[in-house]
$ cat start16.csv   # CSV, C-alpha atoms and all ligand atoms
chain,number,residue,atom,x,y,z
A,1,MET,CA,-5.4,23.2,9.5
A,2,SER,CA,-3.3,20.0,9.0
A,3,LEU,CA,-6.5,18.0,8.5
A,4,GLU,CA,-7.4,20.4,5.7
A,5,ASN,CA,-4.0,19.9,4.1
A,6,GLN,CA,-4.2,16.2,4.4
A,7,LYS,CA,-7.6,16.3,2.6
A,8,GLN,CA,-6.2,18.4,-0.1
A,9,LEU,CA,-3.3,16.0,-0.7
A,10,ILE,CA,-5.6,13.0,-0.8
A,11,ASN,CA,-7.9,14.8,-3.3
A,12,GLN,CA,-4.9,15.6,-5.4
A,13,LEU,CA,-4.0,11.9,-5.4
A,14,ILE,CA,-7.5,10.9,-6.3
A,15,GLU,CA,-7.8,13.5,-9.1
A,16,SER,CA,-4.5,12.3,-10.6
A,17,GLY,CA,-6.1,8.8,-10.9
A,18,ILE,CA,-3.5,7.1,-8.8
A,19,LEU,CA,-5.5,6.7,-5.6
A,20,LYS,CA,-8.9,5.1,-6.3
A,21,SER,CA,-9.9,2.1,-4.2
A,22,LYS,CA,-12.2,2.8,-1.2
A,23,SER,CA,-9.9,0.8,1.1
A,24,ALA,CA,-6.8,2.7,0.2
A,25,ILE,CA,-8.5,6.1,0.4
A,26,LYS,CA,-9.7,5.1,3.9
A,27,ALA,CA,-6.1,4.1,4.9
A,28,PHE,CA,-4.6,7.3,3.6
A,29,ASN,CA,-7.2,9.3,5.6
A,30,SER,CA,-6.5,7.5,8.8
A,31,VAL,CA,-2.7,7.7,8.8
A,32,LYS,CA,-1.3,11.2,9.5
A,33,ARG,CA,1.8,11.7,7.4
A,34,GLU,CA,2.9,14.5,9.8
A,35,ASP,CA,3.5,11.9,12.4
A,36,PHE,CA,6.1,10.2,10.2
A,37,VAL,CA,8.3,13.1,9.1
A,38,ARG,CA,11.1,14.8,11.0
A,39,PRO,CA,9.7,17.6,13.2
A,40,GLU,CA,11.4,20.3,11.1
A,41,TYR,CA,9.5,19.1,8.0
A,42,ARG,CA,6.1,18.9,9.6
A,43,GLU,CA,4.7,21.9,7.8
A,44,HIS,CA,5.5,20.2,4.5
A,45,ALA,CA,4.0,16.8,5.4
A,46,TYR,CA,1.0,17.2,3.1
A,47,GLU,CA,2.9,18.3,0.0
A,48,ASN,CA,3.2,15.7,-2.7
A,49,ILE,CA,7.0,15.4,-2.3
A,50,PRO,CA,9.5,13.0,-0.7
A,51,LEU,CA,11.1,14.5,2.5
A,52,PRO,CA,14.6,13.9,3.8
A,53,MET,CA,14.9,11.8,7.0
A,54,PHE,CA,18.5,10.7,7.3
A,55,GLU,CA,21.3,10.2,4.8
A,56,MET,CA,20.2,7.6,2.2
A,57,SER,CA,16.6,7.5,3.6
A,58,THR,CA,13.6,9.6,2.6
A,59,ILE,CA,10.0,9.3,3.4
A,60,SER,CA,8.6,8.4,-0.1
A,61,GLN,CA,6.5,10.8,-2.1
A,62,PRO,CA,2.8,10.3,-1.4
A,63,LEU,CA,2.2,9.6,-5.1
A,64,THR,CA,4.7,6.7,-5.0
A,65,VAL,CA,3.1,5.3,-1.8
A,66,ALA,CA,-0.3,5.5,-3.4
A,67,ALA,CA,0.8,3.9,-6.6
A,68,MET,CA,2.5,1.0,-4.8
A,69,THR,CA,-0.4,0.5,-2.4
A,70,GLU,CA,-3.0,0.4,-5.2
A,71,ALA,CA,-0.9,-2.0,-7.3
A,72,LEU,CA,-0.4,-4.3,-4.3
A,73,ASP,CA,-4.2,-4.8,-4.0
A,74,VAL,CA,-4.0,-5.6,-0.3
A,75,LYS,CA,-6.8,-7.7,1.3
A,76,LYS,CA,-7.8,-8.0,4.9
A,77,ASP,CA,-5.8,-10.5,7.1
A,78,GLN,CA,-2.9,-10.8,4.7
A,79,LYS,CA,0.8,-11.1,5.6
A,80,ILE,CA,3.0,-8.5,4.1
A,81,LEU,CA,6.8,-8.1,3.9
A,82,GLU,CA,8.1,-4.6,3.4
A,83,ILE,CA,11.8,-4.0,2.7
A,84,GLY,CA,12.9,-0.5,3.7
A,85,THR,CA,10.9,0.7,6.8
A,86,GLY,CA,12.2,4.3,6.6
A,87,SER,CA,9.7,6.5,8.4
A,88,GLY,CA,7.2,3.7,8.7
A,89,TYR,CA,4.5,5.6,6.7
A,90,GLN,CA,4.0,2.9,4.0
A,91,ALA,CA,3.9,0.2,6.7
A,92,ALA,CA,1.2,2.1,8.6
A,93,ILE,CA,-0.9,2.3,5.5
A,94,LEU,CA,-0.5,-1.4,4.9
A,95,SER,CA,-1.3,-2.1,8.6
A,96,ILE,CA,-4.7,-0.4,8.2
A,97,LEU,CA,-5.3,-2.4,5.0
A,98,VAL,CA,-4.6,-5.8,6.4
A,99,GLY,CA,-6.5,-5.0,9.6
A,100,PRO,CA,-5.9,-6.4,13.1
A,101,LYS,CA,-5.7,-10.0,12.0
A,102,GLY,CA,-3.2,-9.2,9.3
A,103,LYS,CA,0.5,-8.8,9.7
A,104,VAL,CA,3.1,-6.4,8.3
A,105,ILE,CA,6.8,-7.3,8.7
A,106,THR,CA,9.1,-4.5,7.9
A,107,ILE,CA,12.9,-4.5,7.7
A,108,GLU,CA,15.3,-1.6,7.9
A,109,ILE,CA,19.0,-1.8,7.5
A,110,ASN,CA,20.0,1.5,9.0
A,111,GLU,CA,19.9,1.5,12.8
A,112,GLU,CA,19.1,5.2,13.2
A,113,VAL,CA,16.3,5.0,10.7
A,114,TYR,CA,15.1,1.8,12.2
A,115,GLU,CA,14.7,3.5,15.6
A,116,PHE,CA,12.8,6.4,14.0
A,117,GLY,CA,10.5,4.1,12.1
A,118,LYS,CA,9.9,1.8,15.0
A,119,GLY,CA,8.9,4.8,17.2
A,120,ASN,CA,6.5,6.1,14.6
A,121,LEU,CA,4.9,2.7,14.3
A,122,LYS,CA,4.3,2.1,18.1
A,123,ASP,CA,0.5,2.5,17.7
A,124,TYR,CA,0.3,-0.2,15.0
A,125,PRO,CA,0.5,-3.5,16.9
A,126,ASN,CA,0.2,-5.6,13.7
A,127,VAL,CA,3.5,-4.2,12.4
A,128,LYS,CA,6.7,-6.0,13.4
A,129,THR,CA,9.9,-4.0,12.8
A,130,ILE,CA,13.2,-5.8,12.2
A,131,LEU,CA,16.7,-4.3,12.1
A,132,SER,CA,18.5,-6.2,9.4
A,133,ASP,CA,19.5,-6.4,5.7
A,134,GLY,CA,16.4,-7.2,3.8
A,135,SER,CA,17.9,-7.4,0.3
A,136,LEU,CA,17.2,-11.1,0.3
A,137,GLY,CA,13.9,-10.8,2.2
A,138,TYR,CA,13.1,-12.5,5.5
A,139,ALA,CA,12.8,-16.2,5.0
A,140,LYS,CA,11.9,-16.9,8.7
A,141,GLU,CA,8.3,-15.6,8.3
A,142,ALA,CA,7.8,-16.6,4.6
A,143,GLN,CA,5.6,-17.0,2.7
A,144,TYR,CA,4.0,-13.6,2.2
A,145,ASP,CA,0.9,-12.6,0.4
A,146,ARG,CA,2.5,-9.4,-0.6
A,147,ILE,CA,6.1,-8.1,-0.7
A,148,VAL,CA,7.0,-4.4,-1.2
A,149,ILE,CA,10.5,-3.1,-1.7
A,150,THR,CA,10.7,0.6,-1.1
A,151,ALA,CA,14.3,1.1,-2.4
A,152,SER,CA,15.6,0.5,-5.9
A,153,ALA,CA,17.3,-2.8,-6.5
A,154,SER,CA,19.6,-3.8,-9.4
A,155,ALA,CA,17.6,-7.0,-10.2
A,156,VAL,CA,14.8,-9.1,-8.8
A,157,PRO,CA,16.3,-11.5,-6.2
A,158,LYS,CA,15.1,-15.0,-6.6
A,159,GLU,CA,14.9,-15.3,-2.8
A,160,LEU,CA,12.0,-12.8,-2.9
A,161,ILE,CA,10.1,-14.7,-5.5
A,162,GLU,CA,10.5,-17.9,-3.4
A,163,GLN,CA,9.2,-16.1,-0.3
A,164,LEU,CA,6.1,-14.9,-2.2
A,165,ALA,CA,3.0,-17.1,-2.0
A,166,VAL,CA,1.5,-18.4,-5.2
A,167,GLY,CA,-1.1,-15.8,-6.2
A,168,GLY,CA,0.9,-13.2,-4.3
A,169,ILE,CA,1.9,-9.8,-5.6
A,170,MET,CA,5.3,-8.1,-5.2
A,171,MET,CA,6.1,-4.4,-6.0
A,172,ILE,CA,9.8,-3.9,-6.7
A,173,PRO,CA,11.7,-0.9,-8.2
A,174,VAL,CA,14.6,-2.1,-10.4
A,175,ASN,CA,16.8,0.8,-11.4
A,176,ASP,CA,13.9,3.2,-10.7
A,177,LYS,CA,11.5,1.3,-13.0
A,178,MET,CA,8.6,0.0,-10.8
A,179,PHE,CA,7.5,-3.5,-11.5
A,180,ARG,CA,4.5,-5.5,-10.3
A,181,ILE,CA,5.3,-9.2,-10.1
A,182,ILE,CA,2.5,-11.7,-9.8
A,183,LYS,CA,3.4,-15.2,-8.8
A,184,ILE,CA,1.0,-17.3,-11.0
A,185,GLY,CA,2.5,-20.7,-10.3
A,186,LYS,CA,5.2,-22.2,-8.2
A,187,ASN,CA,7.9,-21.4,-10.8
A,188,LYS,CA,5.9,-19.0,-12.9
A,189,ILE,CA,5.7,-15.2,-12.6
A,190,ARG,CA,4.1,-12.4,-14.6
A,191,LYS,CA,6.0,-9.1,-14.6
A,192,GLU,CA,4.4,-5.8,-15.4
A,193,PHE,CA,6.1,-2.4,-15.8
A,194,MET,CA,4.2,0.2,-13.8
A,195,GLY,CA,6.2,3.4,-14.6
A,196,TYR,CA,9.3,5.4,-13.5
A,197,TYR,CA,9.5,6.5,-9.9
A,198,ALA,CA,12.4,7.9,-7.8
A,199,PHE,CA,13.7,5.7,-5.0
A,200,VAL,CA,16.8,5.6,-2.8
A,201,PRO,CA,19.1,2.7,-3.7
A,202,LEU,CA,18.7,-0.7,-2.0
A,203,ARG,CA,21.8,-1.7,-0.3
A,204,GLU,CA,22.7,-5.1,-1.8
A,205,LYS,CA,25.1,-7.8,-0.8
B,301,LIG,N1,8.9,2.9,3.1
B,301,LIG,C1,9.6,4.0,3.5
B,301,LIG,C2,10.6,4.5,2.5
B,301,LIG,C3,12.0,4.5,3.0
B,301,LIG,S1,13.3,4.9,1.8
B,301,LIG,C4,8.7,5.1,4.0
B,301,LIG,O1,7.4,4.9,3.9
B,301,LIG,O2,9.1,6.1,4.5
B,301,LIG,C5,14.0,3.3,1.7
B,301,LIG,C6,14.6,2.7,3.0
B,301,LIG,O3,15.2,1.5,2.6
B,301,LIG,C7,15.7,3.5,3.6
B,301,LIG,O4,15.4,3.9,4.9
B,301,LIG,C8,17.0,2.6,3.6
B,301,LIG,O5,17.8,2.7,4.7
B,301,LIG,C9,16.3,1.2,3.5
B,301,LIG,N2,17.2,0.2,2.9
B,301,LIG,C10,18.1,0.3,1.9
B,301,LIG,N3,18.6,-0.9,1.7
B,301,LIG,C11,18.1,-1.8,2.6
B,301,LIG,C12,18.2,-3.2,2.8
B,301,LIG,N4,19.1,-4.0,2.1
B,301,LIG,N5,17.5,-3.8,3.8
B,301,LIG,C13,16.6,-3.1,4.5
B,301,LIG,N6,16.4,-1.7,4.3
B,301,LIG,C14,17.1,-1.1,3.3

$ encode --input "start16.csv" --output "structure tokens"
Amino acid sequence: MSLENQKQLINQLIESGILKSKSAIKAFNSVKREDFVRPEYREHAYENIPLPMFEMSTISQPLTVAAMTEALDVKKDQKILEIGTGSGYQAAILSILVGPKGKVITIEINEEVYEFGKGNLKDYPNVKTILSDGSLGYAKEAQYDRIVITASASAVPKELIEQLAVGGIMMIPVNDKMFRIIKIGKNKIRKEFMGYYAFVPLREK
């Protein structure tokens, strides 16, 4: 039954034109969203809606995860930084896309949420979870091929641009407007507006 529901959700994302690449479709098929929601919401896991987890933390809407994932254009073996682990669902999708030789580093600021996400990600050995404020990224492991911020910031922090490799792509919501930033040179970026999406606010310093 749940497999059927998952298929329906994925078909809906494909029909809406958001989910389209072979690799992303494969990743969405291999990660069960029901394993990343709170038990009481399991029956709603394959509806195209965000679900509550804890105060100030939701598992993102599948549509949002699909849009961000496609725009990130992830390749095998890449190193990715995610800010806002939440349930771990987005990190799990990225984990499949980078493959066993790739790496996903994901930061969560809220301890209760961190423990939940970390537990959900236990079967994804290429994902490293960190309990910390990620609003200025994670310089220790920089640079990153991809950076994704899953909470809405008030501006694009220059630290994140610095931690992005040349040729790298960053997805960042700024006041709920989703932007794709491509680092085309050491001090040069291209910024593209990708549409409006709802996010929880990023806690900033
Ligand atoms: N990627 C998640 C979405 C989680 S919602 C998923 O797939 O489920 C965004 C998360 O960002 C929340 O859990 C919130 O606690 C976290 N967050 C907010 N500000 C943060 C910050 N400064 N550093 C790290 N995490 C932060």

$ closest_residue --input "start16.csv" --among "A:Lys7, A:His44, A:Arg146, A:Arg203" --to "ligand LIG 301 (chain B)" --atoms "all atoms listed in the file"
A:Arg203

$ residues_near_ligand --input "start16.csv" --ligand "ligand LIG 301 (chain B)" --cutoff "7 Å" --atoms "only C-alpha atoms and all ligand atoms" --output "PyMOL selection string"
chain A and resi 56-60+83-91+107-110+113+132-135+150-151+199-204

$ residues_around --input "start16.csv" --residues "Glu192 of chain A" --least-positions-apart "4" --cutoff "8 Å" --atoms "all atoms listed in the file" --output "PDB file with C-alpha atoms, in the coordinates of the input"
ATOM      1  CA  PHE A 179       7.500  -3.500 -11.500  1.00  0.00           C
ATOM      2  CA  ARG A 180       4.500  -5.500 -10.300  1.00  0.00           C
ATOM      3  CA  ILE A 181       5.300  -9.200 -10.100  1.00  0.00           C
TER       4      ILE A 181
END

$ residues_around --input "start16.csv" --residues "segment 74-81 of chain A" --least-positions-apart "5" --cutoff "10 Å" --atoms "only C-alpha atoms" --output "NGL selection string"
:A and (23-24 or 69 or 91 or 94-107 or 126-128 or 134 or 137-138 or 141-149 or 160 or 163-165 or 168-170)

$ atom_distance --input "start16.csv" --atom1 "atom CA of Thr129 of chain A" --atom2 "atom CA of Leu13 of chain A"
27.9 Å

$ atom_distance --input "start16.csv" --atom1 "atom CA of Phe54 of chain A" --atom2 "atom CA of Ile10 of chain A"
25.5 Å

$ closest_residue --input "start16.csv" --among "A:Glu70, A:Val65, A:Leu3, A:Met194" --to "Ser21 of chain A" --atoms "all atoms listed in the file"
A:Glu70

$ atom_distance --input "start16.csv" --atom1 "atom CA of Tyr114 of chain A" --atom2 "atom CA of Ile172 of chain A"
20.4 Å

$ residues_around --input "start16.csv" --residues "Ile184 of chain A" --least-positions-apart "4" --cutoff "8 Å" --atoms "all atoms listed in the file" --output "ChimeraX atom specification"
/A:166-168,188-190

$ closest_residue --input "start16.csv" --among "A:Phe28, A:Ala155, A:Leu131, A:Pro125" --to "Ile14 of chain A" --atoms "only C-alpha atoms"
A:Phe28

$ residues_around --input "start16.csv" --residues "Met178 of chain A" --least-positions-apart "6" --cutoff "9 Å" --atoms "only C-alpha atoms" --output "PDB file with C-alpha atoms, keeping the file's coordinate frame"
ATOM      1  CA  MET A  68       2.500   1.000  -4.800  1.00  0.00           C
ATOM      2  CA  SER A 152      15.600   0.500  -5.900  1.00  0.00           C
ATOM      3  CA  MET A 171       6.100  -4.400  -6.000  1.00  0.00           C
ATOM      4  CA  ILE A 172       9.800  -3.900  -6.700  1.00  0.00           C
ATOM      5  CA  GLU A 192       4.400  -5.800 -15.400  1.00  0.00           C
ATOM      6  CA  PHE A 193       6.100  -2.400 -15.800  1.00  0.00           C
ATOM      7  CA  MET A 194       4.200   0.200 -13.800  1.00  0.00           C
ATOM      8  CA  GLY A 195       6.200   3.400 -14.600  1.00  0.00           C
ATOM      9  CA  TYR A 196       9.300   5.400 -13.500  1.00  0.00           C
ATOM     10  CA  TYR A 197       9.500   6.500  -9.900  1.00  0.00           C
TER      11      TYR A 197
END

$ build_atoms --input "start16.csv" --residues "segment 18-29 of chain A" --atoms "all heavy atoms" --output "mmCIF file, in the frame of the given file"
data_model
loop_
_atom_site.group_PDB
_atom_site.id
_atom_site.type_symbol
_atom_site.label_atom_id
_atom_site.label_comp_id
_atom_site.auth_asym_id
_atom_site.auth_seq_id
_atom_site.Cartn_x
_atom_site.Cartn_y
_atom_site.Cartn_z
ATOM 1 N N ILE A 18 -4.384 8.113 -9.378
ATOM 2 C CA ILE A 18 -3.500 7.100 -8.800
ATOM 3 C C ILE A 18 -4.208 6.435 -7.593
ATOM 4 O O ILE A 18 -4.192 5.225 -7.462
ATOM 5 C CB ILE A 18 -2.203 7.811 -8.250
ATOM 6 C CG1 ILE A 18 -1.454 8.485 -9.397
ATOM 7 C CG2 ILE A 18 -1.309 6.819 -7.518
ATOM 8 C CD1 ILE A 18 -0.667 7.598 -10.302
ATOM 9 N N LEU A 19 -4.812 7.247 -6.750
ATOM 10 C CA LEU A 19 -5.500 6.700 -5.600
ATOM 11 C C LEU A 19 -6.976 6.508 -5.966
ATOM 12 O O LEU A 19 -7.622 7.464 -6.382
ATOM 13 C CB LEU A 19 -5.366 7.687 -4.417
ATOM 14 C CG LEU A 19 -5.733 7.204 -3.018
ATOM 15 C CD1 LEU A 19 -4.857 6.055 -2.582
ATOM 16 C CD2 LEU A 19 -5.595 8.354 -2.020
ATOM 17 N N LYS A 20 -7.472 5.280 -5.895
ATOM 18 C CA LYS A 20 -8.900 5.100 -6.300
ATOM 19 C C LYS A 20 -9.692 4.126 -5.509
ATOM 20 O O LYS A 20 -10.905 4.262 -5.448
ATOM 21 C CB LYS A 20 -8.921 4.712 -7.812
ATOM 22 C CG LYS A 20 -7.863 3.708 -8.224
ATOM 23 C CD LYS A 20 -7.870 3.517 -9.745
ATOM 24 C CE LYS A 20 -6.761 2.598 -10.165
ATOM 25 N NZ LYS A 20 -5.759 3.233 -10.994
ATOM 26 N N SER A 21 -9.081 3.124 -4.891
ATOM 27 C CA SER A 21 -9.900 2.100 -4.200
ATOM 28 C C SER A 21 -10.392 2.729 -2.839
ATOM 29 O O SER A 21 -9.686 3.498 -2.193
ATOM 30 C CB SER A 21 -9.130 0.859 -3.948
ATOM 31 O OG SER A 21 -8.095 1.089 -3.030
ATOM 32 N N LYS A 22 -11.595 2.318 -2.475
ATOM 33 C CA LYS A 22 -12.200 2.800 -1.200
ATOM 34 C C LYS A 22 -11.273 2.488 -0.035
ATOM 35 O O LYS A 22 -11.061 3.322 0.839
ATOM 36 C CB LYS A 22 -13.508 2.044 -1.000
ATOM 37 C CG LYS A 22 -14.703 2.917 -1.171
ATOM 38 C CD LYS A 22 -15.940 2.180 -0.663
ATOM 39 C CE LYS A 22 -17.170 2.853 -1.205
ATOM 40 N NZ LYS A 22 -18.319 1.992 -1.253
ATOM 41 N N SER A 23 -10.745 1.258 -0.008
ATOM 42 C CA SER A 23 -9.900 0.800 1.100
ATOM 43 C C SER A 23 -8.653 1.664 1.246
ATOM 44 O O SER A 23 -8.255 2.063 2.337
ATOM 45 C CB SER A 23 -9.625 -0.657 1.045
ATOM 46 O OG SER A 23 -8.959 -0.937 -0.160
ATOM 47 N N ALA A 24 -7.999 1.935 0.111
ATOM 48 C CA ALA A 24 -6.800 2.700 0.200
ATOM 49 C C ALA A 24 -7.044 4.160 0.552
ATOM 50 O O ALA A 24 -6.296 4.758 1.333
ATOM 51 C CB ALA A 24 -6.031 2.647 -1.188
ATOM 52 N N ILE A 25 -8.125 4.729 0.053
ATOM 53 C CA ILE A 25 -8.500 6.100 0.400
ATOM 54 C C ILE A 25 -8.719 6.196 1.921
ATOM 55 O O ILE A 25 -8.243 7.107 2.598
ATOM 56 C CB ILE A 25 -9.713 6.595 -0.395
ATOM 57 C CG1 ILE A 25 -9.355 6.719 -1.877
ATOM 58 C CG2 ILE A 25 -10.238 7.938 0.152
ATOM 59 C CD1 ILE A 25 -10.541 6.914 -2.816
ATOM 60 N N LYS A 26 -9.400 5.185 2.449
ATOM 61 C CA LYS A 26 -9.700 5.100 3.900
ATOM 62 C C LYS A 26 -8.351 5.074 4.679
ATOM 63 O O LYS A 26 -8.162 5.766 5.679
ATOM 64 C CB LYS A 26 -10.533 3.922 4.178
ATOM 65 C CG LYS A 26 -11.284 4.002 5.473
ATOM 66 C CD LYS A 26 -12.277 2.859 5.598
ATOM 67 C CE LYS A 26 -12.376 2.458 7.063
ATOM 68 N NZ LYS A 26 -12.742 1.065 7.230
ATOM 69 N N ALA A 27 -7.434 4.236 4.195
ATOM 70 C CA ALA A 27 -6.100 4.100 4.900
ATOM 71 C C ALA A 27 -5.357 5.407 4.831
ATOM 72 O O ALA A 27 -4.785 5.844 5.832
ATOM 73 C CB ALA A 27 -5.332 2.957 4.254
ATOM 74 N N PHE A 28 -5.347 6.062 3.674
ATOM 75 C CA PHE A 28 -4.600 7.300 3.600
ATOM 76 C C PHE A 28 -5.262 8.404 4.473
ATOM 77 O O PHE A 28 -4.571 9.271 4.976
ATOM 78 C CB PHE A 28 -4.633 7.832 2.094
ATOM 79 C CG PHE A 28 -3.435 7.336 1.328
ATOM 80 C CD1 PHE A 28 -3.383 6.032 0.860
ATOM 81 C CD2 PHE A 28 -2.344 8.163 1.104
ATOM 82 C CE1 PHE A 28 -2.273 5.561 0.180
ATOM 83 C CE2 PHE A 28 -1.219 7.706 0.422
ATOM 84 C CZ PHE A 28 -1.193 6.401 -0.039
ATOM 85 N N ASN A 29 -6.573 8.316 4.655
ATOM 86 C CA ASN A 29 -7.200 9.300 5.600
ATOM 87 C C ASN A 29 -6.902 9.008 7.014
ATOM 88 O O ASN A 29 -6.853 9.927 7.821
ATOM 89 C CB ASN A 29 -8.746 9.205 5.357
ATOM 90 C CG ASN A 29 -9.221 10.143 4.276
ATOM 91 O OD1 ASN A 29 -8.878 11.327 4.280
ATOM 92 N ND2 ASN A 29 -9.970 9.620 3.322
#
